[in-house]
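Below is upload27.csv, holding CSV, C-alpha atoms and all ligand atoms.
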```csv
chain,number,residue,atom,x,y,z
A,29,MET,CA,9.7,35.7,-14.4
A,30,GLY,CA,8.3,32.4,-12.8
A,31,LEU,CA,6.5,32.0,-9.6
A,32,PHE,CA,9.5,30.8,-7.7
A,33,ASP,CA,11.5,33.8,-8.9
A,34,SER,CA,9.1,36.2,-7.4
A,35,LEU,CA,9.1,34.2,-4.2
A,36,LYS,CA,12.8,34.4,-4.1
A,37,ARG,CA,12.8,38.1,-4.7
A,38,ASP,CA,10.3,38.6,-1.8
A,39,LYS,CA,12.5,36.5,0.6
A,40,GLN,CA,15.6,38.3,-0.4
A,41,THR,CA,14.1,41.7,0.5
A,42,GLU,CA,13.0,40.4,3.9
A,43,PRO,CA,14.6,42.1,7.0
A,44,LYS,CA,17.7,40.9,8.8
A,45,THR,CA,15.9,38.1,10.7
A,46,VAL,CA,16.8,35.7,7.8
A,47,LYS,CA,20.1,33.9,8.8
A,48,PRO,CA,23.0,34.2,6.4
A,49,GLU,CA,23.2,30.4,5.7
A,50,VAL,CA,19.5,30.5,4.7
A,51,GLN,CA,20.2,33.4,2.4
A,52,GLU,CA,22.8,31.4,0.6
A,53,THR,CA,20.1,29.0,-0.6
A,54,TYR,CA,18.4,31.8,-2.5
A,55,GLU,CA,21.0,31.9,-5.3
A,56,GLU,CA,19.7,32.6,-8.8
A,57,ASP,CA,18.7,29.5,-10.7
A,58,ASP,CA,18.8,27.3,-7.6
A,59,GLN,CA,15.2,26.4,-7.3
A,60,ILE,CA,15.8,23.2,-5.4
A,61,ASP,CA,16.4,25.2,-2.2
A,62,ILE,CA,13.0,26.7,-2.4
A,63,GLU,CA,11.5,23.2,-2.7
A,64,GLU,CA,13.5,22.2,0.3
A,65,VAL,CA,11.9,24.9,2.3
A,66,GLU,CA,8.6,23.6,1.3
A,67,ILE,CA,9.5,20.1,2.4
A,68,VAL,CA,10.6,21.3,5.8
A,69,GLU,CA,7.1,23.0,6.2
A,70,ARG,CA,5.4,19.7,5.4
A,71,GLU,CA,7.4,17.9,8.1
A,72,VAL,CA,5.4,19.7,10.8
A,73,ALA,CA,3.7,16.9,12.8
A,74,PRO,CA,-0.1,16.9,12.7
A,75,ALA,CA,-1.9,18.0,15.9
A,76,ILE,CA,-2.6,15.1,18.2
A,77,GLU,CA,-6.3,15.6,17.8
A,78,ASP,CA,-5.9,14.8,14.1
A,79,SER,CA,-4.6,11.3,14.9
A,80,ARG,CA,-7.8,10.5,16.9
A,81,ASP,CA,-10.7,8.7,15.4
A,82,VAL,CA,-13.0,11.7,15.7
A,83,LYS,CA,-16.5,10.5,14.7
A,84,PRO,CA,-18.9,12.6,12.7
A,85,ILE,CA,-21.9,13.5,14.8
A,86,LYS,CA,-25.0,12.1,13.1
A,87,SER,CA,-28.6,12.7,14.1
A,88,TYR,CA,-30.9,9.9,15.3
A,89,ALA,CA,-32.8,10.2,12.0
A,90,GLU,CA,-29.7,9.1,10.2
A,91,LYS,CA,-29.3,5.9,12.2
A,92,ALA,CA,-28.5,2.9,10.0
A,93,PRO,CA,-31.6,0.6,9.8
A,94,VAL,CA,-31.7,-2.2,12.3
A,95,LYS,CA,-31.9,-5.5,10.4
A,96,ARG,CA,-32.9,-7.8,13.2
A,97,ALA,CA,-35.6,-7.9,15.9
A,98,VAL,CA,-34.5,-6.5,19.2
A,99,GLY,CA,-35.1,-8.5,22.4
A,100,GLN,CA,-36.4,-7.3,25.7
A,101,THR,CA,-34.4,-4.3,26.7
A,102,LYS,CA,-32.1,-4.7,29.8
A,103,VAL,CA,-31.1,-1.4,31.4
A,104,MET,CA,-27.9,-1.7,33.4
A,105,ALA,CA,-26.0,0.9,35.5
A,106,ILE,CA,-22.3,0.4,35.6
A,107,ILE,CA,-21.8,1.7,39.0
A,108,ASN,CA,-19.3,2.0,41.9
A,109,GLN,CA,-18.9,5.3,43.7
A,110,LYS,CA,-15.2,4.6,44.0
A,111,GLY,CA,-13.2,6.5,41.3
A,112,GLY,CA,-11.0,4.9,38.7
A,113,VAL,CA,-12.1,1.3,39.1
A,114,GLY,CA,-12.9,0.7,35.4
A,115,LYS,CA,-16.5,1.8,35.0
A,116,SER,CA,-16.0,3.9,31.8
A,117,THR,CA,-13.5,1.3,30.4
A,118,THR,CA,-16.1,-1.4,30.9
A,119,ALA,CA,-19.0,0.8,29.6
A,120,ILE,CA,-17.1,1.5,26.3
A,121,ASN,CA,-15.7,-1.9,25.7
A,122,LEU,CA,-18.5,-4.1,26.8
A,123,SER,CA,-21.0,-2.0,24.8
A,124,ALA,CA,-18.8,-2.2,21.7
A,125,ALA,CA,-18.2,-5.9,22.1
A,126,LEU,CA,-22.0,-6.6,22.4
A,127,GLY,CA,-22.6,-4.3,19.3
A,128,GLU,CA,-20.1,-6.3,17.3
A,129,MET,CA,-21.9,-9.5,18.4
A,130,GLY,CA,-25.1,-8.2,16.7
A,131,LYS,CA,-26.8,-6.6,19.7
A,132,GLN,CA,-28.3,-3.1,19.6
A,133,VAL,CA,-26.8,-1.1,22.4
A,134,LEU,CA,-27.3,2.4,23.8
A,135,LEU,CA,-24.6,3.8,26.2
A,136,VAL,CA,-25.7,6.7,28.4
A,137,ASP,CA,-22.7,8.7,29.6
A,138,LEU,CA,-23.9,10.0,33.0
A,139,ASP,CA,-20.6,11.3,34.2
A,140,PRO,CA,-19.7,15.0,33.7
A,141,GLN,CA,-16.1,13.9,33.0
A,142,GLY,CA,-17.5,12.5,29.8
A,143,ASN,CA,-15.0,9.7,29.5
A,144,SER,CA,-17.3,7.3,27.7
A,145,SER,CA,-18.0,10.0,25.1
A,146,SER,CA,-14.4,11.0,24.4
A,147,GLY,CA,-13.3,7.3,24.6
A,148,LEU,CA,-15.7,6.6,21.8
A,149,GLY,CA,-14.2,9.4,19.6
A,150,ILE,CA,-16.8,12.0,20.3
A,151,GLU,CA,-15.5,15.5,20.5
A,152,LYS,CA,-17.5,17.0,23.3
A,153,SER,CA,-17.1,20.6,22.1
A,154,LYS,CA,-19.0,19.6,19.0
A,155,VAL,CA,-21.9,18.1,20.9
A,156,GLU,CA,-25.1,20.2,20.7
A,157,HIS,CA,-27.2,18.5,23.3
A,158,CYS,CA,-26.0,16.2,26.0
A,159,VAL,CA,-27.7,14.0,28.7
A,160,TYR,CA,-28.0,17.2,30.8
A,161,ASP,CA,-30.6,18.5,28.3
A,162,VAL,CA,-32.6,15.4,28.7
A,163,LEU,CA,-32.6,15.6,32.5
A,164,LEU,CA,-33.2,19.3,32.9
A,165,ASN,CA,-34.3,20.9,29.6
A,166,GLU,CA,-36.9,18.4,28.5
A,167,VAL,CA,-35.1,17.8,25.2
A,168,PRO,CA,-36.4,14.6,23.7
A,169,VAL,CA,-34.0,11.7,24.1
A,170,GLU,CA,-33.9,11.1,20.3
A,171,ASP,CA,-32.5,14.6,19.8
A,172,VAL,CA,-29.5,13.7,22.0
A,173,ILE,CA,-28.6,10.2,20.8
A,174,ILE,CA,-25.6,10.0,18.5
A,175,PRO,CA,-26.2,6.9,16.5
A,176,ASP,CA,-23.7,4.3,15.2
A,177,VAL,CA,-20.6,5.5,17.1
A,178,CYS,CA,-19.5,1.9,16.6
A,179,GLU,CA,-21.2,-1.2,15.1
A,180,GLY,CA,-24.6,-1.6,16.8
A,181,LEU,CA,-23.7,1.1,19.4
A,182,ASP,CA,-25.5,4.5,20.0
A,183,LEU,CA,-24.4,7.0,22.6
A,184,ILE,CA,-26.1,9.7,24.7
A,185,PRO,CA,-23.0,11.9,25.4
A,186,ALA,CA,-22.1,13.9,28.5
A,187,THR,CA,-20.4,17.3,28.5
A,188,ILE,CA,-19.2,19.4,31.3
A,189,ASN,CA,-22.7,21.0,31.4
A,190,LEU,CA,-23.7,17.9,33.3
A,191,ALA,CA,-21.6,19.1,36.3
A,192,GLY,CA,-24.4,21.5,37.2
A,193,ALA,CA,-27.1,18.8,37.2
A,194,GLU,CA,-26.4,17.5,40.7
A,195,VAL,CA,-27.3,20.9,42.1
A,196,GLU,CA,-30.0,21.9,39.7
A,197,LEU,CA,-31.9,18.6,40.0
A,198,VAL,CA,-32.4,19.3,43.7
A,199,ALA,CA,-35.0,21.9,43.0
A,200,GLU,CA,-36.9,19.9,40.4
A,201,MET,CA,-40.1,17.8,40.6
A,202,ALA,CA,-39.6,14.0,40.3
A,203,ARG,CA,-35.9,14.6,40.3
A,204,GLU,CA,-35.0,11.0,40.9
A,205,ASN,CA,-37.1,9.8,37.9
A,206,ARG,CA,-35.7,12.0,35.1
A,207,LEU,CA,-33.4,9.4,33.6
A,208,LYS,CA,-35.9,6.6,34.1
A,209,ASP,CA,-38.5,8.5,32.0
A,210,ALA,CA,-35.9,9.2,29.3
A,211,VAL,CA,-34.5,5.8,29.1
A,212,GLY,CA,-37.9,4.2,29.4
A,213,SER,CA,-39.0,5.7,26.1
A,214,MET,CA,-36.1,3.8,24.4
A,215,ARG,CA,-37.2,0.4,25.7
A,216,GLY,CA,-37.9,-2.0,22.9
A,217,LYS,CA,-35.4,-0.2,20.6
A,218,TYR,CA,-32.2,-1.7,22.2
A,219,ASP,CA,-31.1,-5.0,23.6
A,220,TYR,CA,-29.0,-3.3,26.2
A,221,ILE,CA,-28.9,0.2,27.7
A,222,PHE,CA,-25.8,0.8,29.8
A,223,ILE,CA,-25.4,3.8,32.1
A,224,ASP,CA,-21.8,4.9,32.9
A,225,CYS,CA,-22.1,6.4,36.4
A,226,PRO,CA,-20.0,9.1,38.0
A,227,PRO,CA,-17.8,8.3,41.0
A,228,SER,CA,-20.3,9.5,43.7
A,229,LEU,CA,-23.6,8.6,45.2
A,230,GLY,CA,-25.3,11.9,44.4
A,231,LEU,CA,-28.5,12.6,42.5
A,232,LEU,CA,-27.1,11.5,39.1
A,233,THR,CA,-26.3,8.1,40.6
A,234,VAL,CA,-29.7,7.9,42.2
A,235,ASN,CA,-31.2,8.6,38.8
A,236,ALA,CA,-29.2,5.7,37.4
A,237,LEU,CA,-30.3,3.4,40.3
A,238,VAL,CA,-34.0,4.3,39.6
A,239,ALA,CA,-33.6,3.9,35.8
A,240,ALA,CA,-31.8,0.6,35.9
A,241,ASP,CA,-33.1,-3.0,36.0
A,242,LYS,CA,-29.8,-4.3,37.2
A,243,LEU,CA,-26.4,-3.2,38.4
A,244,LEU,CA,-23.0,-4.1,37.0
A,245,ILE,CA,-20.4,-3.4,39.6
A,246,PRO,CA,-16.7,-3.2,38.5
A,247,ILE,CA,-14.2,-3.7,41.4
A,248,GLN,CA,-10.5,-3.0,40.9
A,249,CYS,CA,-8.1,-5.7,42.1
A,250,GLU,CA,-6.3,-3.6,44.6
A,251,PHE,CA,-5.9,-3.0,48.3
A,252,TYR,CA,-9.2,-1.8,49.8
A,253,ALA,CA,-11.1,-3.2,46.8
A,254,LEU,CA,-14.3,-3.5,48.8
A,255,GLU,CA,-14.0,-0.1,50.4
A,256,GLY,CA,-17.3,1.7,50.0
A,257,VAL,CA,-19.2,-1.3,48.6
A,258,THR,CA,-21.4,-1.5,51.7
A,259,LYS,CA,-22.4,2.2,51.1
A,260,LEU,CA,-23.3,1.4,47.5
A,261,LEU,CA,-25.3,-1.6,48.6
A,262,ASP,CA,-27.1,0.5,51.2
A,263,SER,CA,-28.0,3.0,48.5
A,264,MET,CA,-29.2,0.2,46.3
A,265,LYS,CA,-31.4,-1.1,49.1
A,266,ARG,CA,-32.9,2.3,49.8
A,267,VAL,CA,-33.8,2.9,46.2
A,268,LYS,CA,-35.1,-0.7,46.0
A,269,THR,CA,-37.5,-0.2,48.9
A,270,ARG,CA,-38.8,3.2,47.8
A,271,LEU,CA,-38.4,3.7,44.1
A,272,ASN,CA,-37.4,0.6,42.1
A,273,PRO,CA,-38.5,-2.7,43.8
A,274,THR,CA,-36.9,-5.0,41.2
A,275,LEU,CA,-33.5,-3.5,41.3
A,276,ASP,CA,-30.7,-6.1,41.8
A,277,ILE,CA,-27.1,-6.9,41.1
A,278,PHE,CA,-26.6,-8.4,37.6
A,279,GLY,CA,-22.9,-9.0,38.0
A,280,VAL,CA,-19.6,-8.0,39.8
A,281,LEU,CA,-16.6,-7.6,37.5
A,282,LEU,CA,-13.0,-7.8,38.7
A,283,THR,CA,-10.9,-5.3,36.7
A,284,MET,CA,-7.2,-4.5,36.4
A,285,TYR,CA,-6.3,-8.1,37.4
A,286,ASP,CA,-2.6,-8.9,37.5
A,287,GLY,CA,-2.2,-12.7,37.9
A,288,ARG,CA,1.5,-12.2,38.9
A,289,THR,CA,0.6,-10.6,42.1
A,290,THR,CA,-0.7,-12.4,45.3
A,291,LEU,CA,-2.7,-9.2,46.0
A,292,SER,CA,-4.8,-9.6,42.8
A,293,ARG,CA,-5.5,-13.3,43.6
A,294,GLN,CA,-6.4,-12.5,47.2
A,295,VAL,CA,-8.9,-9.8,46.0
A,296,VAL,CA,-10.5,-12.2,43.7
A,297,GLU,CA,-11.1,-14.7,46.6
A,298,GLU,CA,-12.3,-12.0,48.9
A,299,VAL,CA,-14.8,-10.5,46.3
A,300,GLN,CA,-16.0,-14.0,45.5
A,301,ARG,CA,-16.6,-14.8,49.2
A,302,TYR,CA,-18.5,-11.5,49.5
A,303,PHE,CA,-20.6,-11.6,46.3
A,304,GLY,CA,-20.7,-15.4,45.6
A,305,LYS,CA,-22.1,-16.4,42.1
A,306,THR,CA,-22.8,-12.8,41.0
A,307,VAL,CA,-19.0,-12.4,40.2
A,308,PHE,CA,-18.3,-12.9,36.5
A,309,ASN,CA,-15.9,-15.7,35.6
A,310,THR,CA,-14.2,-13.2,33.2
A,311,LEU,CA,-11.4,-11.2,34.8
A,312,ILE,CA,-10.3,-8.1,33.1
A,313,PRO,CA,-6.5,-8.0,33.0
A,314,ARG,CA,-4.5,-4.9,33.5
A,315,THR,CA,-3.1,-4.1,30.1
A,316,VAL,CA,-1.6,-0.9,28.7
A,317,LYS,CA,-3.6,-1.2,25.5
A,318,LEU,CA,-6.9,-0.8,27.5
A,319,SER,CA,-5.6,2.5,28.9
A,320,GLU,CA,-4.3,3.7,25.5
A,321,ALA,CA,-7.4,2.9,23.4
A,322,PRO,CA,-9.6,5.9,24.7
A,323,SER,CA,-7.0,8.4,23.5
A,324,PHE,CA,-7.5,7.1,20.0
A,325,GLY,CA,-11.3,7.3,20.4
A,326,LEU,CA,-11.6,3.5,19.8
A,327,PRO,CA,-12.9,0.6,21.8
A,328,ILE,CA,-10.4,-2.1,22.5
A,329,THR,CA,-12.0,-4.5,19.9
A,330,GLN,CA,-10.9,-2.0,17.2
A,331,TYR,CA,-7.7,-0.7,18.8
A,332,ASP,CA,-6.1,-4.0,19.6
A,333,PRO,CA,-8.6,-6.7,18.3
A,334,THR,CA,-6.4,-9.7,19.1
A,335,GLY,CA,-5.0,-8.6,22.4
A,336,LYS,CA,-5.8,-9.8,26.0
A,337,GLY,CA,-8.0,-6.7,26.7
A,338,SER,CA,-10.2,-7.4,23.6
A,339,GLN,CA,-10.5,-11.1,24.4
A,340,SER,CA,-11.5,-10.4,28.0
A,341,TYR,CA,-14.3,-7.9,27.0
A,342,ASN,CA,-15.5,-10.3,24.3
A,343,ASN,CA,-15.7,-13.0,27.0
A,344,LEU,CA,-17.5,-10.7,29.3
A,345,ALA,CA,-20.0,-9.8,26.5
A,346,LYS,CA,-20.7,-13.6,26.0
A,347,GLU,CA,-21.2,-14.0,29.8
A,348,VAL,CA,-23.6,-11.1,29.8
A,349,ILE,CA,-25.6,-12.6,26.9
A,350,ASN,CA,-25.7,-16.0,28.6
A,351,ARG,CA,-26.9,-14.6,31.9
A,352,GLY,CA,-30.0,-13.4,30.0
A,401,LIG,N1,-7.9,-3.2,32.6
A,401,LIG,C1,-7.2,-2.1,32.6
A,401,LIG,N2,-5.9,-2.1,32.4
A,401,LIG,C2,-5.2,-1.0,32.4
A,401,LIG,N3,-5.7,0.2,32.6
A,401,LIG,C3,-7.0,0.3,32.9
A,401,LIG,C4,-7.8,-0.8,32.8
A,401,LIG,N4,-9.1,-0.4,33.1
A,401,LIG,C5,-9.1,0.9,33.3
A,401,LIG,N5,-7.8,1.4,33.1
A,401,LIG,C6,-7.4,2.7,33.2
A,401,LIG,O1,-7.6,3.1,34.6
A,401,LIG,C7,-8.1,4.5,34.6
A,401,LIG,C8,-9.5,4.5,35.3
A,401,LIG,O2,-10.4,3.7,34.5
A,401,LIG,P1,-11.8,4.2,34.2
A,401,LIG,O3,-11.8,5.6,33.7
A,401,LIG,O4,-12.5,3.2,33.3
A,401,LIG,O5,-12.4,4.2,35.6
A,401,LIG,P2,-13.8,4.8,36.1
A,401,LIG,O6,-14.2,4.0,37.2
A,401,LIG,O7,-14.7,5.1,35.0
A,401,LIG,O8,-13.2,6.2,36.7
A,401,LIG,P3,-14.1,7.4,37.3
A,401,LIG,O9,-14.6,7.0,38.6
A,401,LIG,O10,-13.1,8.6,37.3
A,401,LIG,O11,-15.2,7.6,36.3
A,401,LIG,C9,-8.1,5.0,33.2
A,401,LIG,O12,-6.9,5.7,33.0
A,401,LIG,C10,-8.2,3.7,32.4
A,401,LIG,O13,-7.6,3.8,31.1
A,402,MG,MG,-15.6,6.9,34.5
```

Represent the structure from my file as structure tokens, please.
Amino acid sequence: MGLFDSLKRDKQTEPKTVKPEVQETYEEDDQIDIEEVEIVEREVAPAIEDSRDVKPIKSYAEKAPVKRAVGQTKVMAIINQKGGVGKSTTAINLSAALGEMGKQVLLVDLDPQGNSSSGLGIEKSKVEHCVYDVLLNEVPVEDVIIPDVCEGLDLIPATINLAGAEVELVAEMARENRLKDAVGSMRGKYDYIFIDCPPSLGLLTVNALVAADKLLIPIQCEFYALEGVTKLLDSMKRVKTRLNPTLDIFGVLLTMYDGRTTLSRQVVEEVQRYFGKTVFNTLIPRTVKLSEAPSFGLPITQYDPTGKGSQSYNNLAKEVINRG
């Protein structure tokens, strides 16, 4: 008796739950039906997670050797306390574009939502240490960096643990300087260190303002685009006076631009009037591909290399390099 025969016998003795038409397929010498059952089983769609580009989590010691000299490190906070303006999208895609252009980039995810981490294909449940441990548990920054998440790009991930940091930092000594000390130890190893900030002006954002040399402010082309910007600039001035005298704006980036609408064009004019030359010439268009890419764990330069989103972030990367 062959393997299939014994399978058939087992199925025939199963209780009544087997439908009659299925039973008909278990005729003696009719092995094809068994195979059909197997094929049906294989048709089950893979879980959505399986289709994502989930990256292996390497340690800093496994980082690929850097073949070229690294320039002076520029630390930039990607900041706007307004939610959903394109901070994380810019953090991921600008970092990846610069990495592909041969720069060494470190992206620090400072938002408990962890959008930069998941958008780069890092499964947060598998992360052992996150930026929280650097800020509050004195874990060395090298133990937290995930190297080579993309070409030239390393990541300090965030997990939900970071949500407690706002409250826990209040009781700590030198609470505003925690990130500055961590990031400072990485100066000289990267061309750019970007910090993806949360949508608030709490202690995490203050840490970013103290750690950064310059600010990159994304502004969404929408009604009330400049809402809250004065508050952000006030925070910048306060940190500048007391904790970080050289802090300044590096650039203002207009995001989700839709050239077909008068509103988008009006916002561009208004923002240019307000910020003058600091506004980047590159406008980031609203495209579905940019909003889809994070669910595949890929930057736009890999998800849709020839599309508008990819072109615009490549142009932004060139502008960033040219601004020095
Ligand atoms: N240029 C774009 N075109 C289309 N969708 C975009 C674009 N930029 C961002 N999005 C989408 O808009 C939403 C908000 O973007 P993103 O997460 O980058 O903003 P954020 O400022 O980081 O938000 P938060 O304040 O919550 O951290 C996301 O769903 C993102 O995919
Ligand atoms: Mg974000």

Do a neighbour search on range 296-312 of chain A at 6 Å with only C-alpha atoms, toss out local chain neighbours closer than 5 positions, and write the hits as number ranges by chain. A: 279-285, 340, 344

Give me, as a CSV table (one decimal) with C-alpha atoms, in the coordinates of the input, the set of residues whose atoms come within 8 Å of any atom of ligand MG 402 (chain A), counting all atoms listed in the file.
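For reference, pocket-v4.csv as written:
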```
chain,number,residue,atom,x,y,z
A,111,GLY,CA,-13.2,6.5,41.3
A,112,GLY,CA,-11.0,4.9,38.7
A,114,GLY,CA,-12.9,0.7,35.4
A,115,LYS,CA,-16.5,1.8,35.0
A,116,SER,CA,-16.0,3.9,31.8
A,117,THR,CA,-13.5,1.3,30.4
A,139,ASP,CA,-20.6,11.3,34.2
A,141,GLN,CA,-16.1,13.9,33.0
A,142,GLY,CA,-17.5,12.5,29.8
A,143,ASN,CA,-15.0,9.7,29.5
A,144,SER,CA,-17.3,7.3,27.7
A,224,ASP,CA,-21.8,4.9,32.9
A,225,CYS,CA,-22.1,6.4,36.4
A,226,PRO,CA,-20.0,9.1,38.0
A,227,PRO,CA,-17.8,8.3,41.0
```

How many Å separate CA of Asn165 in chain A from CA of Lys152 in chain A? 18.4 Å

Residues near range 256-270 of chain A, anyone? I mean within 9 Å using all atoms listed in the file, not counting same-chain ones fewer than 6 positions away, as a PyMOL selection string. chain A and resi 107-110+229+234+237-238+276

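Note that CA of Asp176 in chain A and CA of Ala210 in chain A are 19.3 Å apart.
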
Which distance in Å separates CA of Tyr218 in chain A and CA of Gln132 in chain A, to one decimal? 4.9 Å

So which residues touch Glu320 in chain A within 12 Å, counting all atoms listed in the file, skipping near sequence neighbours fewer than 5 positions away, as a list in words? Arg80, Thr117, Gly147, Arg314, Thr315, Gly325, Leu326, Pro327, Ile328, Tyr331, Asp332 and Gly337 of chain A
